[in-house]
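File shown: my_file_14.txt (compact mmCIF, C-alpha atoms).
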# COMPACT_ATOMS: atom_id res chain seq x y z
CA MET A 405 -8.47 23.16 -2.72
CA THR A 406 -9.04 24.75 -6.12
CA GLN A 407 -12.10 23.78 -8.07
CA VAL A 408 -11.62 21.34 -10.93
CA ASP A 409 -13.47 22.24 -14.14
CA PRO A 410 -16.60 20.24 -14.77
CA MET A 411 -15.62 18.01 -17.66
CA SER A 412 -15.83 14.37 -18.49
CA THR A 413 -13.24 12.03 -17.03
CA VAL A 414 -13.19 8.32 -17.70
CA ILE A 415 -11.27 5.58 -15.96
CA ILE A 416 -10.52 2.71 -18.30
CA LYS A 417 -12.16 -0.36 -16.83
CA TYR A 418 -10.18 -3.54 -17.19
CA ASN A 419 -9.00 -6.52 -15.17
CA SER A 420 -6.88 -4.44 -12.85
CA GLY A 421 -6.90 -4.11 -9.09
CA ASN A 422 -7.00 -0.44 -8.25
CA VAL A 423 -9.70 0.90 -10.59
CA HIS A 424 -12.00 1.34 -7.61
CA SER A 425 -9.51 3.21 -5.42
CA VAL A 426 -8.64 5.63 -8.24
CA ASP A 427 -12.35 6.32 -8.61
CA LEU A 428 -12.65 7.05 -4.87
CA ALA A 429 -9.64 9.40 -5.02
CA LEU A 430 -11.32 11.37 -7.83
CA LYS A 431 -14.54 11.52 -5.82
CA ARG A 432 -12.58 13.06 -2.94
CA LEU A 433 -11.57 15.78 -5.44
CA GLY A 434 -15.22 16.25 -6.32
CA VAL A 435 -14.84 14.57 -9.71
CA GLN A 436 -17.42 12.05 -10.85
CA ALA A 437 -15.56 9.82 -13.29
CA GLU A 438 -17.08 7.09 -15.39
CA LEU A 439 -15.62 3.59 -15.29
CA THR A 440 -15.87 2.23 -18.80
CA ASP A 441 -14.33 0.05 -21.48
CA ASP A 442 -16.65 1.49 -24.16
CA PRO A 443 -14.38 2.80 -26.97
CA GLU A 444 -16.74 5.63 -27.90
CA LYS A 445 -16.95 6.92 -24.34
CA ILE A 446 -13.19 6.72 -23.95
CA LYS A 447 -12.61 8.55 -27.25
CA SER A 448 -14.97 11.39 -26.42
CA ALA A 449 -13.84 11.96 -22.81
CA ASP A 450 -11.92 15.11 -21.86
CA ARG A 451 -9.55 13.17 -19.63
CA VAL A 452 -8.63 9.49 -19.52
CA ILE A 453 -7.12 7.69 -16.53
CA PHE A 454 -5.57 4.28 -17.02
CA PRO A 455 -4.96 2.58 -13.67
CA GLY A 456 -3.20 -0.70 -13.17
CA GLN A 457 -2.19 -3.28 -10.67
CA GLY A 458 -1.35 -6.89 -11.28
CA GLU A 459 0.59 -8.73 -13.93
CA ALA A 460 1.58 -7.16 -17.26
CA SER A 461 0.96 -9.95 -19.80
CA THR A 462 -2.53 -10.67 -18.42
CA ALA A 463 -3.39 -6.97 -18.59
CA MET A 464 -2.05 -6.65 -22.18
CA ARG A 465 -4.03 -9.70 -23.29
CA TYR A 466 -7.20 -8.20 -21.86
CA LEU A 467 -6.61 -4.86 -23.58
CA LYS A 468 -5.89 -6.56 -26.94
CA GLU A 469 -8.99 -8.74 -26.76
CA ARG A 470 -11.08 -5.59 -26.46
CA LYS A 471 -8.95 -3.69 -29.00
CA LEU A 472 -8.24 -1.10 -26.29
CA ASP A 473 -4.55 -1.29 -27.23
CA THR A 474 -5.05 0.38 -30.62
CA LEU A 475 -7.60 2.78 -29.18
CA ILE A 476 -5.25 4.06 -26.44
CA LYS A 477 -2.50 4.82 -28.98
CA GLU A 478 -4.87 7.01 -31.00
CA LEU A 479 -6.12 9.14 -28.10
CA LYS A 480 -5.35 12.85 -28.17
CA GLN A 481 -6.77 14.11 -24.86
CA PRO A 482 -4.70 14.20 -21.64
CA PHE A 483 -4.12 10.58 -20.66
CA PHE A 484 -2.73 9.39 -17.31
CA GLY A 485 -1.29 5.89 -16.82
CA VAL A 486 -0.91 4.90 -13.17
CA CYS A 487 1.34 2.19 -11.65
CA LEU A 488 1.08 -0.82 -14.00
CA GLY A 489 -0.65 1.66 -16.34
CA GLN A 490 2.69 3.49 -16.63
CA GLN A 491 4.57 0.29 -17.41
CA LEU A 492 2.02 -0.76 -20.04
CA LEU A 493 2.55 2.55 -21.88
CA CYS A 494 6.21 1.63 -22.40
CA GLU A 495 7.63 -0.51 -25.18
CA HIS A 496 8.45 -3.71 -23.36
CA THR A 497 8.55 -5.13 -19.83
CA GLU A 498 10.70 -7.91 -18.46
CA GLU A 499 7.62 -9.15 -16.61
CA ASN A 500 6.87 -12.33 -18.57
CA ASP A 501 8.73 -10.81 -21.55
CA THR A 502 5.69 -8.74 -22.53
CA THR A 503 5.41 -6.33 -25.46
CA CYS A 504 3.47 -3.28 -24.26
CA LEU A 505 1.75 -0.32 -25.91
CA GLY A 506 4.92 1.49 -26.99
CA ILE A 507 3.78 5.07 -26.39
CA PHE A 508 7.08 5.65 -24.59
CA PRO A 509 9.93 3.97 -26.54
CA ILE A 510 11.58 2.75 -23.35
CA LYS A 511 11.97 -0.45 -21.34
CA VAL A 512 10.59 -1.73 -18.05
CA LYS A 513 13.08 -3.78 -16.04
CA LYS A 514 13.04 -5.90 -12.91
CA PHE A 515 14.74 -4.46 -9.84
CA PRO A 516 18.02 -6.19 -9.01
CA ALA A 517 17.86 -8.37 -5.89
CA ILE A 518 20.29 -6.19 -3.94
CA GLU A 519 17.65 -4.78 -1.59
CA LYS A 520 14.16 -6.00 -0.89
CA VAL A 521 11.90 -6.43 -3.89
CA PRO A 522 9.14 -5.27 -4.31
CA HIS A 523 9.89 -1.65 -3.52
CA VAL A 524 7.13 -1.05 -0.95
CA GLY A 525 6.43 2.18 0.89
CA TRP A 526 6.83 5.93 0.71
CA ASN A 527 9.66 7.37 -1.36
CA ASP A 528 10.31 10.89 -2.59
CA LEU A 529 10.03 12.46 -6.02
CA LEU A 530 13.22 14.04 -7.30
CA GLU A 531 13.85 16.62 -10.05
CA MET A 532 10.14 17.26 -10.67
CA LYS A 533 9.50 19.15 -13.90
CA GLY A 534 6.27 20.56 -15.29
CA PRO A 535 2.65 21.35 -14.43
CA LEU A 536 1.83 18.04 -12.71
CA PHE A 537 3.93 19.12 -9.72
CA GLU A 538 2.50 22.59 -9.26
CA GLY A 539 2.14 23.35 -5.58
CA LEU A 540 4.41 20.53 -4.42
CA THR A 541 7.58 21.02 -2.41
CA ASP A 542 10.90 19.22 -2.74
CA ALA A 543 9.98 16.80 0.03
CA SER A 544 7.09 15.15 -1.78
CA PHE A 545 6.57 11.50 -0.91
CA VAL A 546 4.41 9.03 -2.80
CA TYR A 547 3.42 5.43 -2.09
CA TYR A 548 5.04 2.69 -4.17
CA VAL A 549 4.43 -1.06 -4.55
CA HIS A 550 6.29 -2.51 -7.55
CA SER A 551 8.92 -5.02 -8.61
CA TYR A 552 9.56 -3.59 -12.09
CA TYR A 553 10.70 -0.05 -12.88
CA VAL A 554 10.77 2.22 -15.92
CA GLU A 555 14.30 3.24 -16.91
CA LEU A 556 15.29 6.91 -17.05
CA SER A 557 14.76 8.60 -20.42
CA GLU A 558 14.22 11.94 -22.10
CA TYR A 559 10.54 11.56 -21.12
CA THR A 560 11.26 11.39 -17.38
CA ILE A 561 9.63 14.33 -15.58
CA ALA A 562 10.45 13.11 -12.05
CA LYS A 563 12.64 10.36 -10.73
CA THR A 564 12.85 8.30 -7.54
CA HIS A 565 15.80 6.46 -6.09
CA TYR A 566 15.61 2.84 -4.88
CA MET A 567 18.86 0.99 -5.47
CA LEU A 568 18.98 3.00 -8.70
CA ASP A 569 17.26 6.04 -10.22
CA PHE A 570 14.11 5.23 -12.17
CA SER A 571 11.31 7.17 -13.90
CA ALA A 572 8.78 8.11 -11.24
CA LEU A 573 6.73 10.00 -13.82
CA LEU A 574 6.85 10.27 -17.61
CA GLN A 575 5.39 12.58 -20.22
CA LYS A 576 5.23 12.54 -24.00
CA ASP A 577 2.71 14.73 -25.85
CA ASN A 578 -0.70 14.07 -24.24
CA PHE A 579 0.48 10.96 -22.37
CA TRP A 580 1.42 11.22 -18.70
CA ALA A 581 2.33 8.33 -16.45
CA MET A 582 3.21 7.65 -12.81
CA GLN A 583 4.66 4.57 -11.15
CA ALA A 584 3.46 5.27 -7.59
CA HIS A 585 -0.17 5.18 -6.54
CA PRO A 586 -1.48 8.78 -6.50
CA GLU A 587 -4.76 7.50 -5.06
CA LYS A 588 -2.90 6.26 -1.96
CA SER A 589 -0.26 8.98 -1.70
CA GLY A 590 -1.95 11.38 0.71
CA SER A 591 -2.15 15.06 -0.17
CA VAL A 592 0.76 14.81 -2.63
CA GLY A 593 -1.03 12.18 -4.71
CA ALA A 594 -4.27 14.14 -4.56
CA ARG A 595 -2.47 17.25 -5.81
CA ILE A 596 -0.90 15.36 -8.74
CA LEU A 597 -4.31 13.98 -9.75
CA GLU A 598 -5.84 17.42 -9.41
CA ASN A 599 -3.05 18.97 -11.51
CA PHE A 600 -3.61 16.32 -14.18
CA LEU A 601 -7.31 17.17 -14.30
CA LYS A 602 -6.41 20.83 -14.79
CA LEU A 603 -4.10 20.21 -17.79
CA MET B 610 14.97 7.48 -0.38
CA LEU B 611 12.61 4.77 0.80
CA THR B 612 11.32 5.70 4.24
CA LYS B 613 10.50 3.63 7.30
CA ARG B 614 6.76 3.35 7.88
CA ILE B 615 4.81 4.13 11.06
CA ILE B 616 1.56 2.18 11.28
CA PRO B 617 -1.13 2.69 13.93
CA CYS B 618 -3.33 -0.36 14.49
CA LEU B 619 -7.03 -0.01 15.26
CA ASP B 620 -8.79 -2.88 16.99
CA ILE B 621 -12.36 -3.17 15.77
CA LYS B 622 -15.33 -4.79 17.47
CA GLU B 623 -18.72 -4.62 15.81
CA GLY B 624 -17.60 -1.75 13.65
CA ARG B 625 -16.20 0.35 16.53
CA THR B 626 -12.70 0.91 17.86
CA VAL B 627 -12.32 -0.87 21.17
CA LYS B 628 -9.12 0.20 22.84
CA GLY B 629 -9.75 3.35 24.79
CA VAL B 630 -8.70 6.35 22.88
CA ASN B 631 -8.24 9.91 24.02
CA PHE B 632 -8.08 11.84 20.85
CA VAL B 633 -9.64 14.87 22.48
CA ASP B 634 -10.40 16.60 19.23
CA LEU B 635 -12.56 13.79 17.90
CA ARG B 636 -16.32 13.99 18.10
CA ASP B 637 -16.54 10.21 18.42
CA ALA B 638 -13.34 8.42 19.39
CA GLY B 639 -15.01 5.08 18.87
CA ASP B 640 -15.63 5.82 15.22
CA PRO B 641 -12.86 4.07 13.26
CA VAL B 642 -13.39 6.25 10.20
CA GLU B 643 -12.87 9.45 12.11
CA LEU B 644 -9.88 8.04 13.97
CA ALA B 645 -8.37 6.78 10.70
CA ALA B 646 -8.76 10.18 9.09
CA ALA B 647 -7.10 11.83 12.10
CA TYR B 648 -4.13 9.44 11.90
CA ALA B 649 -3.77 9.99 8.16
CA LEU B 650 -3.71 13.73 8.73
CA GLU B 651 -1.10 13.36 11.49
CA GLY B 652 1.27 11.56 9.13
CA ALA B 653 0.61 7.85 9.66
CA ASP B 654 2.05 6.01 6.66
CA GLU B 655 -0.50 3.21 6.66
CA LEU B 656 -3.22 1.87 8.91
CA VAL B 657 -4.16 -1.61 10.06
CA PHE B 658 -7.71 -2.49 11.09
CA LEU B 659 -7.95 -5.64 13.11
CA ASP B 660 -11.41 -7.14 13.55
CA ILE B 661 -11.01 -8.77 16.94
CA THR B 662 -14.43 -10.37 17.04
CA ALA B 663 -14.32 -11.62 13.47
CA THR B 664 -17.51 -13.62 13.50
CA VAL B 665 -19.65 -14.33 10.48
CA GLU B 666 -22.35 -11.95 11.75
CA ASN B 667 -19.85 -9.15 12.04
CA ARG B 668 -18.49 -9.57 8.50
CA LYS B 669 -21.16 -7.34 7.01
CA THR B 670 -20.42 -4.60 9.54
CA LEU B 671 -16.73 -4.89 8.75
CA ILE B 672 -17.33 -4.62 5.00
CA GLU B 673 -19.43 -1.50 5.56
CA LEU B 674 -16.65 -0.03 7.65
CA VAL B 675 -14.01 -0.82 5.00
CA THR B 676 -16.18 0.86 2.37
CA LYS B 677 -16.37 4.04 4.47
CA VAL B 678 -12.66 4.03 5.28
CA ALA B 679 -11.72 3.59 1.61
CA ALA B 680 -13.89 6.52 0.60
CA THR B 681 -12.40 8.75 3.31
CA ILE B 682 -8.66 8.19 3.68
CA ASN B 683 -5.94 8.56 1.07
CA ILE B 684 -3.23 6.30 2.48
CA PRO B 685 -2.99 2.50 2.22
CA PHE B 686 -4.75 0.33 4.77
CA THR B 687 -4.79 -3.34 5.71
CA VAL B 688 -7.68 -5.31 7.16
CA GLY B 689 -7.19 -8.43 9.28
CA GLY B 690 -9.08 -10.73 11.61
CA GLY B 691 -10.84 -13.97 10.80
CA ILE B 692 -9.88 -14.04 7.12
CA SER B 693 -9.56 -17.59 5.86
CA SER B 694 -10.54 -17.83 2.20
CA VAL B 695 -10.10 -16.26 -1.22
CA ALA B 696 -13.78 -15.24 -1.00
CA ASP B 697 -13.16 -13.32 2.27
CA VAL B 698 -10.28 -11.47 0.63
CA SER B 699 -12.23 -10.75 -2.51
CA ALA B 700 -15.03 -9.09 -0.51
CA LEU B 701 -12.63 -6.90 1.48
CA LEU B 702 -10.60 -5.81 -1.54
CA ALA B 703 -13.78 -5.05 -3.46
CA ALA B 704 -14.87 -2.86 -0.53
CA GLY B 705 -11.62 -0.91 -0.92
CA ALA B 706 -9.02 -2.48 1.40
CA ASP B 707 -5.51 -2.28 -0.09
CA LYS B 708 -4.17 -5.32 1.71
CA ILE B 709 -5.51 -8.05 3.92
CA SER B 710 -3.71 -9.87 6.69
CA ILE B 711 -4.11 -13.54 7.52
CA ASN B 712 -2.80 -15.36 10.54
CA SER B 713 -4.32 -18.57 11.97
CA ALA B 714 -5.83 -19.57 8.62
CA ALA B 715 -2.36 -19.61 7.03
CA VAL B 716 -1.00 -21.85 9.76
CA LYS B 717 -3.97 -24.18 9.44
CA ARG B 718 -3.70 -24.44 5.66
CA PRO B 719 -0.54 -22.78 4.24
CA GLU B 720 -1.69 -23.24 0.61
CA VAL B 721 -4.19 -20.43 1.20
CA ILE B 722 -1.27 -17.99 0.91
CA ASP B 723 -0.43 -19.31 -2.57
CA GLU B 724 -4.08 -19.10 -3.57
CA MET B 725 -4.50 -15.52 -2.38
CA ALA B 726 -1.23 -14.37 -3.95
CA ALA B 727 -2.15 -16.00 -7.28
CA GLU B 728 -5.61 -14.48 -7.27
CA PHE B 729 -4.90 -10.94 -6.05
CA GLY B 730 -1.11 -10.48 -6.23
CA SER B 731 1.44 -10.68 -3.43
CA GLN B 732 1.24 -6.92 -2.84
CA CYS B 733 -2.04 -7.28 -0.96
CA VAL B 734 -1.26 -10.39 1.08
CA VAL B 735 0.19 -9.67 4.52
CA VAL B 736 0.87 -12.70 6.69
CA ALA B 737 0.70 -11.93 10.39
CA ILE B 738 2.91 -14.07 12.59
CA ASP B 739 2.44 -14.13 16.36
CA THR B 740 5.54 -15.48 18.03
CA ARG B 741 6.49 -16.43 21.57
CA TYR B 742 9.76 -17.71 23.02
CA VAL B 743 9.12 -21.16 24.52
CA HIS B 744 11.79 -23.49 25.92
CA GLY B 745 14.59 -21.85 23.98
CA LYS B 746 12.69 -21.63 20.71
CA HIS B 747 10.73 -18.96 18.86
CA LEU B 748 7.43 -20.67 18.12
CA VAL B 749 4.48 -19.50 16.04
CA HIS B 750 1.26 -19.03 18.02
CA THR B 751 -2.28 -18.74 16.72
CA HIS B 752 -5.68 -17.55 17.96
CA GLY B 753 -4.43 -14.22 19.23
CA GLY B 754 -1.29 -15.79 20.62
CA ARG B 755 -3.11 -18.25 22.87
CA GLN B 756 -2.36 -21.48 21.02
CA ALA B 757 1.18 -22.69 20.54
CA THR B 758 2.20 -24.55 17.38
CA ASP B 759 5.39 -26.47 16.74
CA LEU B 760 6.34 -24.16 13.86
CA ASP B 761 9.69 -22.43 14.17
CA THR B 762 9.05 -18.70 13.63
CA ILE B 763 12.00 -18.07 11.31
CA GLN B 764 11.27 -21.16 9.20
CA TRP B 765 7.62 -20.20 8.98
CA ALA B 766 8.50 -16.65 7.94
CA LYS B 767 10.63 -18.06 5.11
CA GLU B 768 7.86 -20.40 4.06
CA VAL B 769 5.16 -17.72 3.89
CA ALA B 770 7.51 -15.52 1.84
CA ASP B 771 8.16 -18.41 -0.56
CA ARG B 772 4.45 -19.02 -0.86
CA GLY B 773 3.86 -15.46 -2.02
CA ALA B 774 3.24 -13.26 1.03
CA GLY B 775 3.94 -9.63 0.18
CA GLU B 776 4.80 -8.53 3.71
CA ILE B 777 5.14 -10.03 7.17
CA LEU B 778 3.59 -8.52 10.26
CA LEU B 779 5.64 -9.95 13.11
CA THR B 780 4.17 -9.63 16.60
CA SER B 781 6.21 -10.71 19.57
CA MET B 782 3.77 -11.92 22.22
CA ASP B 783 6.62 -11.69 24.74
CA HIS B 784 6.93 -7.97 24.11
CA ASP B 785 3.31 -7.07 23.30
CA GLY B 786 1.81 -4.88 26.01
CA THR B 787 5.07 -4.56 27.96
CA LYS B 788 6.08 -1.17 26.53
CA GLY B 789 9.63 -2.41 26.95
CA GLY B 790 10.65 -2.27 23.31
CA PHE B 791 10.20 -4.37 20.18
CA ALA B 792 11.75 -7.82 19.63
CA ASP B 793 14.73 -6.29 17.84
CA GLU B 794 16.91 -9.38 17.61
CA LEU B 795 14.27 -11.71 16.18
CA THR B 796 12.95 -9.01 13.84
CA ALA B 797 16.48 -8.42 12.53
CA GLU B 798 17.05 -12.11 11.95
CA ILE B 799 13.81 -12.48 10.00
CA SER B 800 14.18 -9.22 8.08
CA ALA B 801 17.72 -10.08 7.02
CA SER B 802 16.76 -13.54 5.81
CA LEU B 803 13.80 -12.42 3.67
CA SER B 804 13.39 -10.32 0.56
CA ILE B 805 9.97 -8.98 1.62
CA PRO B 806 9.29 -6.18 4.11
CA VAL B 807 8.84 -6.93 7.79
CA ILE B 808 6.49 -4.88 9.96
CA ALA B 809 7.50 -5.13 13.63
CA SER B 810 4.80 -5.15 16.27
CA GLY B 811 4.57 -5.51 20.02
CA GLY B 812 6.38 -3.64 22.76
CA ALA B 813 6.44 -0.01 21.64
CA GLY B 814 6.71 2.22 24.70
CA SER B 815 8.99 5.07 23.70
CA MET B 816 10.31 6.85 20.64
CA GLU B 817 13.67 5.21 21.21
CA HIS B 818 12.05 1.81 20.77
CA PHE B 819 11.08 2.79 17.23
CA LYS B 820 14.62 3.94 16.51
CA ASP B 821 15.94 0.63 17.82
CA VAL B 822 13.59 -1.54 15.77
CA PHE B 823 14.52 0.33 12.60
CA THR B 824 18.26 0.21 13.26
CA LYS B 825 19.02 -2.89 15.36
CA GLY B 826 15.80 -4.65 14.32
CA LYS B 827 16.16 -3.87 10.60
CA ALA B 828 12.37 -3.50 10.39
CA ASP B 829 10.83 -1.86 7.34
CA ALA B 830 7.83 -0.61 9.30
CA ALA B 831 6.69 -0.48 12.92
CA LEU B 832 3.16 -0.95 14.21
CA ALA B 833 1.70 0.15 17.51
CA ALA B 834 -1.72 0.70 19.02
CA SER B 835 -2.16 2.02 22.54
CA ILE B 836 0.74 4.47 22.66
CA PHE B 837 -0.76 6.24 19.66
CA HIS B 838 -4.37 5.95 20.83
CA PHE B 839 -3.52 7.33 24.27
CA LYS B 840 -1.38 10.05 22.73
CA GLU B 841 1.63 8.93 24.74
CA ILE B 842 3.54 9.45 21.53
CA SER B 843 2.31 11.63 18.71
CA ILE B 844 3.21 10.64 15.17
CA PRO B 845 4.63 14.06 14.21
CA ASP B 846 6.87 14.06 17.32
CA LEU B 847 7.96 10.48 16.63
CA LYS B 848 8.85 11.24 13.03
CA ALA B 849 10.74 14.39 13.97
CA TYR B 850 12.70 12.37 16.53
CA LEU B 851 13.46 9.60 14.03
CA ARG B 852 14.65 12.13 11.50
CA THR B 853 17.08 13.66 13.98
CA SER B 854 18.26 10.09 14.62
CA GLU B 855 19.05 9.88 10.89
CA ILE B 856 16.25 7.47 10.11
CA SER B 857 14.49 8.26 6.88
CA VAL B 858 10.79 9.03 7.41
CA ARG B 859 8.08 10.79 5.46
CA ILE B 860 7.26 14.19 6.97

I'd like the structure from this file rewritten - as structure tokens, please.
Amino acid sequence: MTQVDPMSTVIIKYNSGNVHSVDLALKRLGVQAELTDDPEKIKSADRVIFPGQGEASTAMRYLKERKLDTLIKELKQPFFGVCLGQQLLCEHTEENDTTCLGIFPIKVKKFPAIEKVPHVGWNDLLEMKGPLFEGLTDASFVYYVHSYYVELSEYTIAKTHYMLDFSALLQKDNFWAMQAHPEKSGSVGARILENFLKL
Amino acid sequence: MLTKRIIPCLDIKEGRTVKGVNFVDLRDAGDPVELAAAYALEGADELVFLDITATVENRKTLIELVTKVAATINIPFTVGGGISSVADVSALLAAGADKISINSAAVKRPEVIDEMAAEFGSQCVVVAIDTRYVHGKHLVHTHGGRQATDLDTIQWAKEVADRGAGEILLTSMDHDGTKGGFADELTAEISASLSIPVIASGGAGSMEHFKDVFTKGKADAALAASIFHFKEISIPDLKAYLRTSEISVRI
């Protein structure tokens, strides 16, 4: 494993489920991240990770109450939204008809009830583009648990197929986002996190 | 493509794995953390830890174990055994478990499923159902399969899904320990009638049994204990076999 540069990484602390497991995944990479909702600390960090698990409107309300919504939009350092964190970076989600942060001008939709929903388990990343996938092979599987998906767009840097093709990962400027859980996706997830920290 | 999951189950007693294991390359085969790490490295898709003693005194030991496992492995894991309240779940999730599994407590008071799903989200609530075929009916059993209830297994599966379970872990007590194959027919019936994933358990004895439970049984995942612990089947071999049988697996 290559050494990650010593720099400051924060995980945005909010009412979301997997903050702790993202922190543990970073520790396994030798990175000591700070869990914080302090705007100054978030602004001055070299890297920001925005996890997420749970329901969208509750998460948005929490972010707004602490004015983290406006703060996130102004950030310039590499920023990584994970799982619900990816969905919240989009414009709107069908989950309780919630307006999100709008970094990515695209929509989050509910999976059709053709197959089982949620989409639970390991699925592969297709058409991976860019530095986040350095060192990964075509057969790269990641762990998903979600009922809503981000539609394909010009910002899609990898897709996954479940009933339909959706955005597995997104990128626009300094904002990166991933639907699956890198912290639970074995060596592939660890590599993606490591690549993000090296951006 | 979404893959079928292979899940080894580790029985835990006072913080140690109980079923005999012969992972020769382990320093301490009774150490669940080391065993979990070995399975993750071999390609297990998830792990289940079942606290078979599940007494109040052992809770603290279990929480310590969960904390260590969460720090070590990078695949999802479920913890079950003796969980009955939102507070139990909260402690295990805070320690780093991804999902919890409840069994007897859900039968005793089904509303607990709704409460857990509302508090933590369906994705982390697995309802374990132990079933046995009695007088022409599939009936739910509790207390490790020892106590019969009058609940019809298929009806109960539908109810727990409606109440917000995220997955069902279906164990056939008729097949468990026989090594004669999973309960393919019942698993298929339940899997087809639900919109949540079904993990089949009980009866794994050969690689073909896994193929059957994924094809005939329509299972989304398959769980086994002793055949993995005793290295009768290795996970890489099993996955290679399933792939040649045109079943999608993560390799």

Could you tell me which of A:Leu439, A:Pro522, A:Thr502, A:Lys602 comes closest to Ala774 (chain B) if we count all atoms listed in the file? A:Pro522

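Within 6 Å of chain A, counting only C-alpha atoms, chain B contributes Met610, Leu611, Thr612, Ala680, Asn683, Ile684, Pro685, Ser804 and Ile805 of chain B.
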
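Take CA of Ile476 (chain A) and CA of Ile416 (chain A): the distance between them is 9.8 Å.
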
Counting only C-alpha atoms, which residue out of B:Gly652, B:Gly814, B:Gly773, B:Gly826 sits closest to Ala792 (chain B)? B:Gly826

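Note that CA of Leu674 (chain B) and CA of Pro641 (chain B) are 7.9 Å apart.
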
Hey, can I get the axis-aligned box for region 696-714 of chain B? All listed atoms, 6 Å padding on each side, centre and edge lengths in Å to one decimal, as lines of an AutoDock Vina configuration file.
center_x = -8.9
center_y = -10.2
center_z = 4.3
size_x = 24.2
size_y = 30.7
size_z = 27.4

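Straight-line separation from CA of Asp785 (chain B) to CA of Asp739 (chain B): 9.9 Å.
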
Any idea what's packed within 12 Å of Ile808 (chain B), counting all atoms listed in the file, ignoring anything in its chain fewer than 2 positions away? Could you give it as a VMD selection string? (chain A and resid 524 to 525) or (chain B and resid 613 to 618 655 to 657 710 735 to 739 775 to 781 791 to 793 796 to 797 799 to 800 805 to 806 810 to 811 819 822 to 823 826 to 833)

Would you kindly return, as a VMD selection string, each protein, DNA or RNA residue with an atom no farther than 9 Å from any atom of His747 (chain B), considering all atoms listed in the file and excluding same-chain residues fewer than 6 positions away? chain B and resid 740 to 741 760 to 763 795

Within 8 Å of Gln481 (chain A), counting all atoms listed in the file, which residues qualify if same-chain residues fewer than 5 places away don't, as a ChimeraX atom specification? /A:449-452,578

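Using only C-alpha atoms, the protein and nucleic acid residues lying no more than 12 Å from Pro535 (chain A), apart from those fewer than 5 places from it along its own chain, are A:Leu540, A:Ile561, A:Ala562, A:Gln575, A:Trp580, A:Arg595, A:Ile596, A:Leu597, A:Glu598, A:Asn599, A:Phe600, A:Leu601, A:Lys602, A:Leu603.
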
When you look at Ala726 (chain B) with a cut-off of 12 Å (counting only C-alpha atoms), what residues show up, excluding the ones that are within fewer than 3 positions of it in the same chain? I need them as a short mmCIF file (atom, residue, chain, number, x, y, z; two decimals) with C-alpha atoms, in the frame of the given file.
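The resulting result_2.cif:
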data_model
loop_
_atom_site.label_atom_id
_atom_site.label_comp_id
_atom_site.auth_asym_id
_atom_site.auth_seq_id
_atom_site.Cartn_x
_atom_site.Cartn_y
_atom_site.Cartn_z
CA GLY A 458 -1.35 -6.89 -11.28
CA GLU A 459 0.59 -8.73 -13.93
CA SER B 694 -10.54 -17.83 2.20
CA VAL B 695 -10.10 -16.26 -1.22
CA VAL B 698 -10.28 -11.47 0.63
CA SER B 699 -12.23 -10.75 -2.51
CA LYS B 708 -4.17 -5.32 1.71
CA ILE B 709 -5.51 -8.05 3.92
CA SER B 710 -3.71 -9.87 6.69
CA ILE B 711 -4.11 -13.54 7.52
CA PRO B 719 -0.54 -22.78 4.24
CA GLU B 720 -1.69 -23.24 0.61
CA VAL B 721 -4.19 -20.43 1.20
CA ILE B 722 -1.27 -17.99 0.91
CA ASP B 723 -0.43 -19.31 -2.57
CA PHE B 729 -4.90 -10.94 -6.05
CA GLY B 730 -1.11 -10.48 -6.23
CA SER B 731 1.44 -10.68 -3.43
CA GLN B 732 1.24 -6.92 -2.84
CA CYS B 733 -2.04 -7.28 -0.96
CA VAL B 734 -1.26 -10.39 1.08
CA VAL B 735 0.19 -9.67 4.52
CA VAL B 736 0.87 -12.70 6.69
CA VAL B 769 5.16 -17.72 3.89
CA ALA B 770 7.51 -15.52 1.84
CA ASP B 771 8.16 -18.41 -0.56
CA ARG B 772 4.45 -19.02 -0.86
CA GLY B 773 3.86 -15.46 -2.02
CA ALA B 774 3.24 -13.26 1.03
CA GLY B 775 3.94 -9.63 0.18
CA GLU B 776 4.80 -8.53 3.71
#

Output as a tab-separated table (two decimals), in the frame of the given file: region 564-570 of chain A, completed with N, CA and C atoms.
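See out_24.tsv below for the written result:
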chain	number	residue	atom	x	y	z
A	564	THR	N	12.78	8.76	-8.93
A	564	THR	CA	12.85	8.30	-7.54
A	564	THR	C	14.03	7.37	-7.45
A	565	HIS	N	14.65	7.34	-6.27
A	565	HIS	CA	15.80	6.46	-6.09
A	565	HIS	C	15.46	5.27	-5.19
A	566	TYR	N	15.64	4.06	-5.71
A	566	TYR	CA	15.61	2.84	-4.88
A	566	TYR	C	16.61	1.89	-5.52
A	567	MET	N	17.71	1.72	-4.92
A	567	MET	CA	18.86	0.99	-5.47
A	567	MET	C	19.44	1.74	-6.66
A	568	LEU	N	18.56	2.25	-7.53
A	568	LEU	CA	18.98	3.00	-8.70
A	568	LEU	C	17.93	4.09	-8.95
A	569	ASP	N	18.24	5.01	-9.87
A	569	ASP	CA	17.26	6.04	-10.22
A	569	ASP	C	16.34	5.48	-11.29
A	570	PHE	N	15.04	5.66	-11.13
A	570	PHE	CA	14.11	5.23	-12.17
A	570	PHE	C	13.09	6.35	-12.45
